[in-house]
$ cat target-v9.cif   # mmCIF, C-alpha atoms
data_query
loop_
_atom_site.label_atom_id
_atom_site.label_comp_id
_atom_site.auth_asym_id
_atom_site.auth_seq_id
_atom_site.Cartn_x
_atom_site.Cartn_y
_atom_site.Cartn_z
CA MET A 16 0.00 0.00 0.00
CA LEU A 17 1.28 3.42 -0.90
CA ILE A 18 0.87 5.85 1.97
CA ASN A 19 -0.19 9.41 1.14
CA LYS A 20 -0.69 12.60 3.12
CA ASN A 21 -4.49 12.45 3.06
CA MET A 22 -4.66 9.17 4.94
CA LYS A 23 -5.45 9.06 8.60
CA LEU A 24 -2.30 8.34 10.51
CA ALA A 25 -4.23 5.87 12.66
CA ASP A 26 -5.18 3.85 9.57
CA VAL A 27 -1.56 3.74 8.52
CA ILE A 28 -0.51 2.38 11.90
CA HIS A 29 -3.30 -0.20 11.77
CA HIS A 30 -1.87 -1.30 8.48
CA ASP A 31 1.74 -1.42 9.70
CA TYR A 32 2.32 -1.01 13.42
CA THR A 33 6.10 -1.28 12.99
CA LEU A 34 5.97 2.36 11.89
CA VAL A 35 5.42 3.51 15.48
CA PRO A 36 9.14 4.01 16.23
CA VAL A 37 9.53 5.75 12.88
CA ILE A 38 6.87 8.36 13.65
CA ASN A 39 8.37 8.77 17.11
CA ARG A 40 11.58 9.90 15.45
CA PHE A 41 9.65 12.87 14.15
CA GLY A 42 8.36 13.71 17.60
CA ILE A 43 4.90 12.30 16.88
CA HIS A 44 3.41 10.08 19.56
CA LEU A 45 0.35 7.87 19.79
CA GLY A 46 -2.94 9.53 20.57
CA PHE A 47 -3.37 11.42 17.31
CA GLY A 48 -7.07 10.59 17.03
CA ASN A 49 -8.49 10.79 13.53
CA PHE A 50 -6.12 13.37 12.13
CA THR A 51 -4.65 12.87 8.69
CA ILE A 52 -0.94 12.71 8.09
CA GLN A 53 -0.96 16.21 6.68
CA GLU A 54 -2.75 17.58 9.74
CA VAL A 55 -0.45 15.82 12.15
CA CYS A 56 2.61 17.07 10.28
CA LYS A 57 1.32 20.62 10.32
CA GLU A 58 0.74 20.48 14.05
CA HIS A 59 4.28 19.22 14.63
CA ASN A 60 5.79 21.53 12.08
CA ILE A 61 7.43 18.83 9.96
CA SER A 62 7.73 18.54 6.20
CA THR A 63 4.79 16.38 5.08
CA GLY A 64 6.56 15.31 1.91
CA PHE A 65 9.60 14.00 3.72
CA PHE A 66 7.50 12.30 6.40
CA VAL A 67 5.43 10.46 3.79
CA ILE A 68 8.54 9.36 1.90
CA ILE A 69 10.12 7.95 5.05
CA LEU A 70 6.92 6.11 6.03
CA ASN A 71 6.70 4.55 2.58
CA ALA A 72 10.37 3.70 2.41
CA PHE A 73 10.18 1.94 5.74
CA HIS A 74 6.92 0.20 4.97
CA ASP A 75 7.98 -1.18 1.58
CA PRO A 76 11.65 -1.89 0.86
CA HIS A 77 10.96 -1.62 -2.87
CA TYR A 78 9.71 1.91 -2.52
CA PHE A 79 12.63 4.17 -3.06
CA PRO A 80 11.79 7.35 -4.93
CA LYS A 81 15.33 8.34 -5.67
CA GLU A 82 14.60 11.62 -7.38
CA ARG A 83 12.30 12.81 -4.64
CA LEU A 84 14.64 11.72 -1.88
CA GLN A 85 17.55 13.38 -3.61
CA SER A 86 15.70 16.65 -3.67
CA ILE A 87 15.65 16.64 0.12
CA ARG A 88 18.32 18.64 1.91
CA LEU A 89 21.04 16.51 3.46
CA ASN A 90 20.68 18.22 6.82
CA ILE A 91 17.09 16.94 7.10
CA LEU A 92 18.09 13.41 6.14
CA ILE A 93 20.93 13.47 8.62
CA GLU A 94 18.75 14.75 11.40
CA TYR A 95 16.48 11.77 10.76
CA LEU A 96 19.37 9.30 10.69
CA GLN A 97 20.71 10.69 13.96
CA LYS A 98 17.38 10.13 15.64
CA ALA A 99 17.42 6.58 14.33
CA HIS A 100 20.89 6.16 15.85
CA THR A 101 19.55 7.25 19.21
CA ASP A 102 16.76 4.69 18.87
CA PHE A 103 19.21 1.92 18.11
CA LEU A 104 21.46 2.69 21.04
CA GLU A 105 18.88 3.70 23.60
CA ASP A 106 15.97 1.40 22.80
CA LYS A 107 16.74 -1.49 20.53
CA ILE A 108 20.07 -2.62 21.93
CA PRO A 109 19.07 -2.35 25.62
CA GLU A 110 15.86 -4.24 24.84
CA ILE A 111 17.73 -7.18 23.32
CA ALA A 112 20.32 -7.07 26.12
CA PHE A 113 17.48 -7.15 28.65
CA LEU A 114 15.92 -10.22 27.00
CA ILE A 115 19.28 -12.00 26.86
CA GLU A 116 19.72 -11.34 30.60
CA LYS A 117 16.56 -13.36 31.16
CA MET A 118 17.93 -16.43 29.40
CA PRO A 119 19.44 -18.27 32.39
CA GLY A 120 16.11 -18.65 34.22
CA GLU A 121 13.75 -19.05 31.33
CA CYS A 122 15.53 -20.88 28.62
CA LEU A 123 19.05 -22.06 29.35
CA ASP A 124 20.28 -24.35 32.07
CA ASP A 125 23.86 -23.90 31.14
CA ARG A 126 25.32 -20.71 32.49
CA LYS A 127 28.34 -20.90 30.23
CA THR A 128 26.22 -20.74 27.08
CA TYR A 129 24.39 -17.76 28.46
CA LEU A 130 27.62 -15.93 29.18
CA LEU A 131 28.91 -16.67 25.69
CA ILE A 132 25.80 -15.24 24.09
CA ARG A 133 25.76 -12.26 26.39
CA ASN A 134 29.38 -11.41 25.67
CA PHE A 135 28.89 -11.89 21.97
CA PHE A 136 26.01 -9.47 21.97
CA LEU A 137 28.02 -7.05 24.06
CA GLU A 138 30.78 -7.14 21.46
CA TYR A 139 28.25 -6.48 18.77
CA SER A 140 26.78 -3.52 20.68
CA THR A 141 30.22 -2.03 21.12
CA GLU A 142 30.94 -2.37 17.43
CA LEU A 143 27.66 -0.78 16.48
CA LYS A 144 28.26 2.02 18.93
CA ASN A 145 31.74 2.71 17.57
CA HIS A 146 30.39 2.70 14.07
CA ILE A 147 27.66 5.17 14.98
CA THR A 148 30.05 7.40 16.90
CA LYS A 149 32.35 7.56 13.93
CA GLU A 150 29.51 8.54 11.65
CA GLU A 151 28.27 11.20 14.00
CA GLU A 152 31.64 12.66 14.86
CA ARG A 153 33.33 12.49 11.49
CA VAL A 154 31.06 11.71 8.59
CA TYR A 155 27.91 13.70 9.33
CA PRO A 156 29.67 16.95 10.26
CA TYR A 157 31.64 16.74 7.03
CA VAL A 158 28.49 16.14 4.98
CA LEU A 159 26.73 19.07 6.60
CA LYS A 160 29.67 21.38 6.05
CA LEU A 161 29.97 20.25 2.48
CA GLU A 162 26.31 20.89 1.76
CA GLU A 163 26.61 24.34 3.24
CA ALA A 164 29.65 25.11 1.11
CA PHE A 165 27.88 23.75 -1.93
CA LEU A 166 24.78 25.86 -1.39
CA LYS A 167 26.79 28.98 -0.71
CA GLY A 168 29.06 28.23 -3.61
CA GLU A 169 32.22 28.91 -1.64
CA THR A 170 34.76 26.55 -0.14
CA ASP A 171 37.22 27.16 2.65
CA ALA A 172 40.62 25.53 3.10
CA ASP A 173 39.28 22.92 5.52
CA ILE A 174 36.67 21.60 3.15
CA LYS A 175 39.06 21.58 0.23
CA LYS A 176 41.54 19.59 2.22
CA GLN A 177 38.98 17.05 3.25
CA ILE A 178 37.55 16.64 -0.24
CA GLN A 179 41.06 15.87 -1.39
CA ASP A 180 42.33 13.81 1.53
CA TYR A 181 39.27 12.10 2.82
CA PRO A 182 36.26 12.21 0.54
CA ILE A 183 33.07 10.25 1.23
CA SER A 184 34.33 7.38 -0.93
CA ALA A 185 37.12 6.81 1.59
CA TYR A 186 34.57 6.32 4.35
CA GLU A 187 32.56 4.11 2.02
CA ALA A 188 35.61 1.94 1.44
CA GLU A 189 36.16 1.32 5.13
CA HIS A 190 32.49 0.74 5.84
CA GLU A 191 32.56 -1.99 8.47
CA ASN A 192 30.43 -5.05 8.32
CA VAL A 193 28.53 -4.42 11.52
CA GLU A 194 25.64 -6.53 10.33
CA GLU A 195 27.68 -9.73 10.17
CA LYS A 196 27.63 -10.30 13.91
CA LEU A 197 23.88 -9.84 14.01
CA PHE A 198 23.54 -12.45 11.30
CA ASP A 199 25.73 -14.84 13.29
CA LEU A 200 23.72 -14.27 16.43
CA LYS A 201 20.53 -15.26 14.63
CA ASN A 202 22.09 -18.50 13.49
CA ILE A 203 23.53 -19.24 16.92
CA ILE A 204 20.07 -18.88 18.42
CA ILE A 205 18.20 -20.65 15.64
CA LYS A 206 20.60 -23.50 15.01
CA TYR A 207 23.05 -24.03 17.81
CA LEU A 208 21.47 -23.45 21.19
CA PRO A 209 21.95 -26.59 23.28
CA LYS A 210 18.44 -27.77 24.21
CA PRO A 211 16.66 -24.57 25.19
CA LYS A 212 14.06 -25.17 27.92
CA SER A 213 11.55 -22.95 26.22
CA ASP A 214 11.44 -21.24 22.86
CA LYS A 215 9.32 -18.36 24.04
CA LEU A 216 12.15 -16.09 25.09
CA CYS A 217 14.24 -17.02 22.07
CA PHE A 218 11.32 -16.08 19.87
CA GLN A 219 11.15 -12.67 21.54
CA ILE A 220 14.87 -12.19 21.09
CA LEU A 221 14.68 -13.20 17.43
CA ARG A 222 11.77 -10.84 16.87
CA GLU A 223 13.80 -7.96 18.27
CA ILE A 224 16.87 -8.89 16.26
CA PHE A 225 14.91 -9.09 13.01
CA SER A 226 13.29 -5.78 13.76
CA LEU A 227 16.64 -4.13 14.49
CA GLU A 228 18.00 -5.63 11.31
CA LYS A 229 15.12 -4.23 9.29
CA GLU A 230 15.79 -0.77 10.69
CA LEU A 231 19.51 -1.03 10.04
CA ASN A 232 18.87 -2.05 6.44
CA GLU A 233 16.55 0.88 5.92
CA HIS A 234 19.20 3.11 7.43
CA ALA A 235 21.92 1.76 5.17
CA ARG A 236 19.69 2.17 2.13
CA ILE A 237 19.31 5.87 2.82
CA GLU A 238 23.05 6.23 3.30
CA ASP A 239 24.11 4.20 0.28
CA LEU A 240 21.54 5.29 -2.25
CA ILE A 241 20.95 8.91 -1.30
CA ILE A 242 23.62 10.40 0.88
CA VAL A 243 26.74 8.91 -0.67
CA PRO A 244 25.82 9.67 -4.31
CA LYS A 245 24.64 13.14 -3.39
CA VAL A 246 27.81 13.92 -1.45
CA GLU A 247 29.97 12.62 -4.29
CA ALA A 248 28.17 14.85 -6.75
CA MET A 249 28.72 17.85 -4.48
CA GLU A 250 32.37 17.02 -4.01
CA ASN A 251 32.86 16.84 -7.75
CA ALA A 252 31.00 20.07 -8.36
CA LEU A 253 33.07 21.89 -5.75
CA LYS A 254 36.29 20.43 -7.09
CA LEU A 255 35.52 21.67 -10.58
CA LYS A 256 34.53 25.07 -9.38
CA GLY A 257 36.69 26.19 -6.54
CA PHE A 258 39.96 24.40 -6.67
CA GLY A 259 41.60 26.20 -9.54
CA ASN A 260 41.68 29.60 -7.90
CA GLY A 261 42.09 28.39 -4.29
CA MET B 1 17.23 -30.57 -1.64
CA GLY B 2 19.63 -29.46 1.04
CA GLU B 3 20.11 -25.89 2.05
CA ILE B 4 18.34 -22.78 0.85
CA LYS B 5 20.19 -20.82 -1.77
CA THR B 6 20.08 -17.07 -1.65
CA VAL B 7 19.69 -15.03 -4.79
CA ILE B 8 20.48 -11.38 -5.43
CA VAL B 9 19.43 -9.45 -8.47
CA VAL B 10 20.94 -6.46 -10.25
CA GLU B 11 18.24 -5.01 -12.46
CA ARG B 12 17.15 -1.44 -12.97
CA ASN B 13 13.65 -2.12 -14.16
CA TYR B 14 11.17 -2.60 -11.34
CA LEU B 15 8.76 -4.72 -13.35
CA MET B 16 11.59 -7.07 -14.21
CA GLN B 17 12.62 -7.27 -10.54
CA ALA B 18 9.10 -8.09 -9.49
CA GLY B 19 8.72 -10.63 -12.28
CA LEU B 20 11.99 -12.31 -11.34
CA GLU B 21 10.95 -12.47 -7.73
CA ALA B 22 7.62 -14.08 -8.63
CA MET B 23 9.37 -16.60 -10.86
CA LEU B 24 12.10 -17.45 -8.34
CA MET B 25 9.56 -17.92 -5.57
CA GLU B 26 8.21 -20.93 -7.40
CA ILE B 27 11.55 -22.72 -7.38
CA PRO B 28 11.93 -24.68 -4.15
CA GLY B 29 14.98 -23.85 -2.08
CA LEU B 30 15.61 -20.47 -3.64
CA MET B 31 15.15 -17.19 -1.87
CA MET B 32 15.60 -13.75 -3.35
CA VAL B 33 17.22 -11.70 -0.62
CA LYS B 34 18.17 -8.44 -2.23
CA THR B 35 17.77 -6.35 -5.34
CA PHE B 36 20.13 -3.70 -6.58
CA THR B 37 19.31 -1.16 -9.25
CA GLY B 38 22.88 -0.97 -10.51
CA ASP B 39 23.27 2.65 -9.43
CA GLU B 40 24.83 1.80 -6.09
CA VAL B 41 28.25 3.18 -5.33
CA SER B 42 30.75 0.29 -5.03
CA LEU B 43 28.18 -2.26 -6.11
CA ALA B 44 30.69 -5.11 -6.23
CA GLY B 45 31.43 -4.53 -2.53
CA HIS B 46 27.73 -4.64 -1.67
CA ILE B 47 27.37 -7.87 -3.58
CA ARG B 48 30.34 -9.38 -1.80
CA LYS B 49 28.80 -8.53 1.56
CA GLN B 50 25.63 -10.42 0.71
CA GLN B 51 27.57 -13.68 0.32
CA ALA B 52 24.77 -14.95 -1.89
CA ASP B 53 24.80 -18.22 -3.79
CA VAL B 54 23.35 -16.85 -6.99
CA LEU B 55 23.53 -13.52 -8.78
CA ILE B 56 21.21 -12.59 -11.61
CA LEU B 57 22.74 -9.64 -13.37
CA ASN B 58 21.43 -7.46 -16.14
CA PRO B 59 24.61 -5.96 -17.62
CA LEU B 60 22.65 -2.99 -18.95
CA ALA B 61 21.88 -1.92 -15.39
CA LEU B 62 25.56 -1.35 -14.64
CA LYS B 63 27.16 2.03 -14.63
CA GLU B 64 30.56 0.60 -15.47
CA ASP B 65 31.83 -1.69 -18.18
CA PRO B 66 30.18 -5.10 -17.62
CA ILE B 67 33.36 -6.97 -18.47
CA VAL B 68 35.39 -5.07 -15.89
CA PHE B 69 32.60 -5.59 -13.40
CA LEU B 70 32.47 -9.34 -14.01
CA ARG B 71 36.18 -9.51 -13.42
CA LYS B 72 35.65 -7.93 -9.98
CA LEU B 73 32.97 -10.49 -9.24
CA LYS B 74 35.31 -13.36 -10.09
CA GLN B 75 37.25 -12.60 -6.95
CA ILE B 76 34.17 -13.19 -4.83
CA GLY B 77 34.57 -16.91 -5.22
CA LYS B 78 31.81 -19.37 -5.62
CA MET B 79 28.69 -17.56 -6.65
CA VAL B 80 26.78 -18.66 -9.71
CA VAL B 81 26.25 -15.69 -12.02
CA PHE B 82 23.46 -15.55 -14.57
CA GLY B 83 23.40 -12.85 -17.21
CA LEU B 84 19.91 -11.51 -17.76
CA MET B 85 19.75 -10.52 -21.40
CA GLU B 86 17.75 -9.80 -24.50
CA LYS B 87 18.15 -11.99 -27.55
CA GLU B 88 19.76 -9.06 -29.36
CA THR B 89 22.54 -8.67 -26.80
CA PRO B 90 25.88 -8.82 -28.63
CA VAL B 91 27.38 -12.29 -28.53
CA ASN B 92 30.71 -11.04 -27.23
CA LEU B 93 28.96 -9.71 -24.11
CA GLN B 94 26.90 -12.89 -23.71
CA SER B 95 30.06 -14.94 -23.94
CA HIS B 96 31.39 -13.42 -20.73
CA PHE B 97 28.64 -15.09 -18.76
CA SER B 98 28.81 -18.79 -18.07
CA HIS B 99 25.01 -18.86 -17.80
CA VAL B 100 22.51 -16.71 -19.64
CA LEU B 101 18.83 -16.12 -18.95
CA ASN B 102 17.02 -14.84 -21.97
CA VAL B 103 14.28 -12.37 -21.03
CA SER B 104 12.00 -13.54 -23.81
CA ASP B 105 12.12 -17.20 -22.77
CA SER B 106 9.06 -18.86 -21.26
CA LYS B 107 8.69 -19.27 -17.55
CA PHE B 108 9.21 -22.99 -17.88
CA ASP B 109 12.47 -22.58 -19.75
CA LEU B 110 13.80 -19.96 -17.39
CA GLN B 111 13.03 -21.99 -14.29
CA ASN B 112 14.44 -25.13 -15.83
CA LYS B 113 17.62 -23.36 -16.77
CA ILE B 114 18.12 -22.08 -13.23
CA ARG B 115 17.26 -25.45 -11.71
CA SER B 116 19.61 -27.40 -13.91
CA VAL B 117 22.55 -25.05 -13.30
CA LEU B 118 22.04 -25.08 -9.56
CA HIS B 119 21.53 -28.80 -9.52
CA GLN B 120 24.99 -29.36 -11.00
CA ASP B 121 26.35 -27.20 -8.29
CA THR B 122 25.00 -29.11 -5.30
CA ARG B 123 27.65 -31.44 -4.13
CA PRO B 124 26.70 -34.73 -2.52
CA GLY B 125 27.09 -35.35 1.17
CA ASN B 126 25.94 -33.59 4.24
CA HIS B 127 26.28 -29.83 3.95
CA ASN B 128 26.04 -29.17 7.61
CA LEU B 129 28.68 -31.29 9.22
CA LEU B 130 32.20 -30.02 9.36
CA SER B 131 34.88 -32.40 8.19
CA LYS B 132 37.68 -33.36 10.58
CA ARG B 133 40.03 -31.02 8.79
CA GLU B 134 37.56 -28.18 9.05
CA VAL B 135 37.14 -28.77 12.77
CA THR B 136 40.92 -28.62 13.20
CA ILE B 137 41.07 -25.36 11.31
CA LEU B 138 38.09 -23.93 13.16
CA LYS B 139 39.89 -24.57 16.45
CA GLN B 140 42.97 -22.71 15.28
CA VAL B 141 40.86 -19.80 14.07
CA VAL B 142 39.12 -19.60 17.42
CA LEU B 143 42.42 -19.68 19.25
CA GLY B 144 43.31 -16.52 17.38
CA LEU B 145 45.73 -17.74 14.74
CA THR B 146 45.97 -15.99 11.41
CA ASN B 147 45.49 -17.85 8.15
CA GLN B 148 49.24 -17.76 7.59
CA GLU B 149 49.97 -19.22 11.02
CA ILE B 150 47.42 -21.96 10.49
CA ALA B 151 48.92 -22.77 7.11
CA ASP B 152 52.40 -23.01 8.65
CA ARG B 153 51.27 -25.20 11.51
CA LEU B 154 49.28 -27.65 9.44
CA PHE B 155 51.65 -27.61 6.45
CA LEU B 156 48.96 -26.30 4.12
CA SER B 157 49.03 -23.55 1.56
CA ILE B 158 47.37 -20.33 2.62
CA HIS B 159 44.99 -20.77 -0.29
CA THR B 160 43.79 -24.10 1.11
CA VAL B 161 43.25 -22.56 4.53
CA THR B 162 41.19 -19.77 2.98
CA THR B 163 39.05 -22.29 1.13
CA HIS B 164 38.46 -24.29 4.30
CA ARG B 165 37.49 -21.14 6.14
CA LYS B 166 35.00 -20.17 3.48
CA ASN B 167 33.46 -23.63 3.68
CA ILE B 168 33.27 -23.44 7.47
CA ASN B 169 31.49 -20.08 7.27
CA ARG B 170 29.08 -21.39 4.70
CA LYS B 171 28.28 -24.64 6.47
CA LEU B 172 27.76 -23.10 9.88
CA GLY B 173 26.15 -19.89 8.68
CA ILE B 174 28.53 -17.97 10.93
CA LYS B 175 30.90 -15.41 9.47
CA THR B 176 32.70 -13.62 12.28
CA VAL B 177 35.54 -14.98 14.39
CA SER B 178 33.69 -14.18 17.59
CA GLY B 179 30.62 -15.98 16.29
CA LEU B 180 32.76 -19.02 15.48
CA THR B 181 34.22 -18.81 18.97
CA VAL B 182 30.77 -18.97 20.54
CA TYR B 183 29.96 -21.97 18.35
CA ALA B 184 33.18 -23.78 19.20
CA LEU B 185 32.86 -23.21 22.93
CA MET B 186 29.18 -24.18 22.96
CA ASN B 187 30.01 -27.40 21.19
CA HIS B 188 33.04 -28.11 23.36
CA LEU B 189 35.44 -28.01 20.42
CA VAL B 190 37.72 -25.86 22.52
CA ARG B 191 37.77 -25.26 26.23
CA MET B 192 37.57 -21.88 27.86
CA GLU B 193 40.98 -22.44 29.50
CA GLU B 194 42.62 -22.99 26.13
CA MET B 195 41.45 -19.61 25.00
CA GLY B 196 43.83 -17.76 27.29
CA GLY B 197 44.62 -14.39 25.87
CA ALA B 198 43.42 -15.34 22.44
CA THR B 199 40.06 -13.62 22.64
CA LYS B 200 40.01 -10.07 21.49
#

$ encode --input "target-v9.cif" --output "C-alpha cells"
Amino acid sequence: MLINKNMKLADVIHHDYTLVPVINRFGIHLGFGNFTIQEVCKEHNISTGFFVIILNAFHDPHYFPKERLQSIRLNILIEYLQKAHTDFLEDKIPEIAFLIEKMPGECLDDRKTYLLIRNFFLEYSTELKNHITKEEERVYPYVLKLEEAFLKGETDADIKKQIQDYPISAYEAEHENVEEKLFDLKNIIIKYLPKPKSDKLCFQILREIFSLEKELNEHARIEDLIIVPKVEAMENALKLKGFGNG
Amino acid sequence: MGEIKTVIVVERNYLMQAGLEAMLMEIPGLMMVKTFTGDEVSLAGHIRKQQADVLILNPLALKEDPIVFLRKLKQIGKMVVFGLMEKETPVNLQSHFSHVLNVSDSKFDLQNKIRSVLHQDTRPGNHNLLSKREVTILKQVVLGLTNQEIADRLFLSIHTVTTHRKNINRKLGIKTVSGLTVYALMNHLVRMEEMGGATK
C-alpha cells in the first residue's frame, strides 16, 4: 500500500504497526485521534513530503523514490538518521540485552552458554556504537559542512583539504560489516542453542533482532543510495569550481 | 534438496525485478534476498557482503563496463552468475557469462535453466557437518591464529586454509571470528581455559 498525506495516521498504523518508532523519530506520539498525516505534520511543524517518503520507504523496501529523496536537503536526512541512531542505542540494543539477561532462568540451564551469548552481543553492541560514533563525529559533520559550502558556492581551506584527503568514498571503502555479527547471532540462536528449555524467550529475542535488522537495512539504504551519491556529486562540483583559484 | 540458496538481483527495471521475484519464488529452495538497481556506489562490494549463492545480473543496469565488473565479481569466489539478457545482446557480451537467462524465454524454460545449473552445483554429502580437517582449522581460528599461522602449523598452503574457512562459514552460517568462537565453545570443540589471551 502506498501511503499518502491524506490518509489518517491511525489507519496507517493499523496497516503497519512497525511504523510507530519511525513516527516517534519525528516527535509524533500515539494519541493522534483521527487526524490525517498532513494535519499531524502541520501540528508538529514537519515537512509532510519527507515524512510520507520515510513512512513509505520503511513500509515497503521496494519503494525508493530516488529523485524525490535526492531533492531533500542533506541536513534533514541526517537529522532523521541521527534520531534513528539514538533509537538503536537507547531502545533497541538495551531491549535485546534485557531479553538476553533473562535467558538463564527461562531458557538455558547452562550458564556458560548464556555468558557466551551475552558477551557476543556485548561485542556487537560495542561495534555498532563505535560505528555510529564515527559517523556522528566524522562523517555527518563533514556532509553538513559540504552541503553548506555547496549551497553557498564557496569553499574554505578545511573543506578543500577534506575533499582531497578524505572524501566520502574513503569512508565508504572502510564501511565496516557491523551486520555480520547480528547475522551470526541469529544463526547461533536458531541452530546451535543446546536444548533450550523454552522457545518463548528465544522467539522474543529473534523478533527484536529481526526488527533491528530491518531498521539497520533501511538506514543503510538511505546512506548508500541517497547520501553517498549526493555527497559525491557535491564534491565533484566543488572540485571543478573552486579548486583552480584556491 | 539441502540448504536454501540465496539469490540477489541487479536489475534497474522494477517490473523485471518483481517478475523475477515471482518466478524465483516458485523454485523450491531459492530465496531472493536483495535487489540492486545498478546505481549503487561500489556495487561489487555490496554484492560481496551479501555472500549470496546466486547472482542474476542485467549488464545494462551497470554504470561501469560489464566486463570489468564481471572480473571484480570473479574474486568473490563461488557464486553462480546468470546474465539476464535480451536476444539481441551482442554475442561477445553474452560470452562473458557462463550462464545466460534470456528475457524472452518462457517461464518454464527460465526456471528449468536455473534449476539445472544449480543442480549441478549441489555437491553430494551432508552440507552441515564439518569435516575433521575443518574442525581442526576452526579450532585454530578460534584460538586466534591468522590464516598464515594456520597454514604453517598444518603444512597447508594459505589458499587451502582460505578455502576451508569459506566452507566453514558457509556450512555453519557464521561469518565472524567471535561468532565461530561462541559456536566452538558451545560445542566443546575448545575449552575456555585454552582460549587464554586469544580472545580479542

$ interface_residues --input "target-v9.cif" --of "chain B" --to "chain A" --cutoff "10 Å" --atoms "only C-alpha atoms" --output "PyMOL selection string"
chain B and resi 14+17-18+34-35+37+39-43+45-46+49-50+169+172-183+185-187+192+200

$ resolve_selection --input "target-v9.cif" --expression "the PyMOL selection byres ((chain A and resi 211) around 10)" --output "list in words"
Met118, Pro119, Glu121, Cys122, Leu123, Asp124, Asp125, Ile204, Tyr207, Leu208, Pro209, Lys210, Lys212, Ser213, Asp214, Lys215, Leu216 and Cys217 of chain A

$ atom_distance --input "target-v9.cif" --atom1 "CA of Glu151 in chain A" --atom2 "CA of Tyr181 in chain A"
15.7 Å

$ closest_residue --input "target-v9.cif" --among "B:Gln51, B:Lys166, B:Ser131, B:Leu20" --to "Thr6 in chain B" --atoms "only C-alpha atoms"
B:Gln51

$ residues_around --input "target-v9.cif" --residues "Glu88 in chain B" --least-positions-apart "4" --cutoff "12 Å" --atoms "only C-alpha atoms" --output "ChimeraX atom specification"
/B:84,92-94,102-104

$ atom_distance --input "target-v9.cif" --atom1 "CA of Ser62 in chain A" --atom2 "CA of Lys81 in chain A"
17.4 Å

$ residues_around --input "target-v9.cif" --residues "range 90-98 of chain A" --least-positions-apart "3" --cutoff "8 Å" --atoms "only C-alpha atoms" --output "short mmCIF file (atom, residue, chain, number, x, y, z; two decimals) with C-alpha atoms, in the frame of the given file"
data_model
loop_
_atom_site.label_atom_id
_atom_site.label_comp_id
_atom_site.auth_asym_id
_atom_site.auth_seq_id
_atom_site.Cartn_x
_atom_site.Cartn_y
_atom_site.Cartn_z
CA ARG A 40 11.58 9.90 15.45
CA PHE A 41 9.65 12.87 14.15
CA ILE A 87 15.65 16.64 0.12
CA THR A 101 19.55 7.25 19.21
CA ASP A 102 16.76 4.69 18.87
CA GLU A 151 28.27 11.20 14.00
CA TYR A 155 27.91 13.70 9.33
CA LEU A 159 26.73 19.07 6.60
CA HIS A 234 19.20 3.11 7.43
#

$ atom_distance --input "target-v9.cif" --atom1 "CA of Val10 in chain B" --atom2 "CA of Leu55 in chain B"
7.7 Å

$ resolve_selection --input "target-v9.cif" --expression "the PyMOL selection byres ((chain A and resi 174) around 12)" --output "PyMOL selection string"
chain A and resi 156-165+169-173+175-182+249-250+253-254+257-258+261

$ resolve_selection --input "target-v9.cif" --expression "the PyMOL selection byres ((chain A and resi 65) around 10)" --output "count of residues only"
16

$ residues_around --input "target-v9.cif" --residues "Arg48 in chain B" --least-positions-apart "6" --cutoff "10 Å" --atoms "all atoms listed in the file" --output "ChimeraX atom specification"
/B:72-73,75-77,79

$ write_last_selection --input "target-v9.cif" --atoms "C-alpha atoms" --output "CSV table (one decimal), keeping the file's coordinate frame"
chain,number,residue,atom,x,y,z
B,72,LYS,CA,35.6,-7.9,-10.0
B,73,LEU,CA,33.0,-10.5,-9.2
B,75,GLN,CA,37.2,-12.6,-7.0
B,76,ILE,CA,34.2,-13.2,-4.8
B,77,GLY,CA,34.6,-16.9,-5.2
B,79,MET,CA,28.7,-17.6,-6.6

$ residues_around --input "target-v9.cif" --residues "range 143-152 of chain B" --least-positions-apart "6" --cutoff "12 Å" --atoms "all atoms listed in the file" --output "PyMOL selection string"
chain B and resi 133-134+136-137+158-166+177-178+180-182+184-185+189-200

$ closest_residue --input "target-v9.cif" --among "B:Ile168, B:Ala61, B:Val141, B:Leu110" --to "Asn13 in chain B" --atoms "only C-alpha atoms"
B:Ala61

$ residues_around --input "target-v9.cif" --residues "range 111-114 of chain A" --least-positions-apart "5" --cutoff "10 Å" --atoms "all atoms listed in the file" --output "MDAnalysis selection string"
chainID A and resid 106 133 136:137 140 216:217 219:224 227

$ closest_residue --input "target-v9.cif" --among "A:Ile115, A:Pro109, A:Asn39, A:Ala99" --to "Leu231 in chain A" --atoms "all atoms listed in the file"
A:Ala99
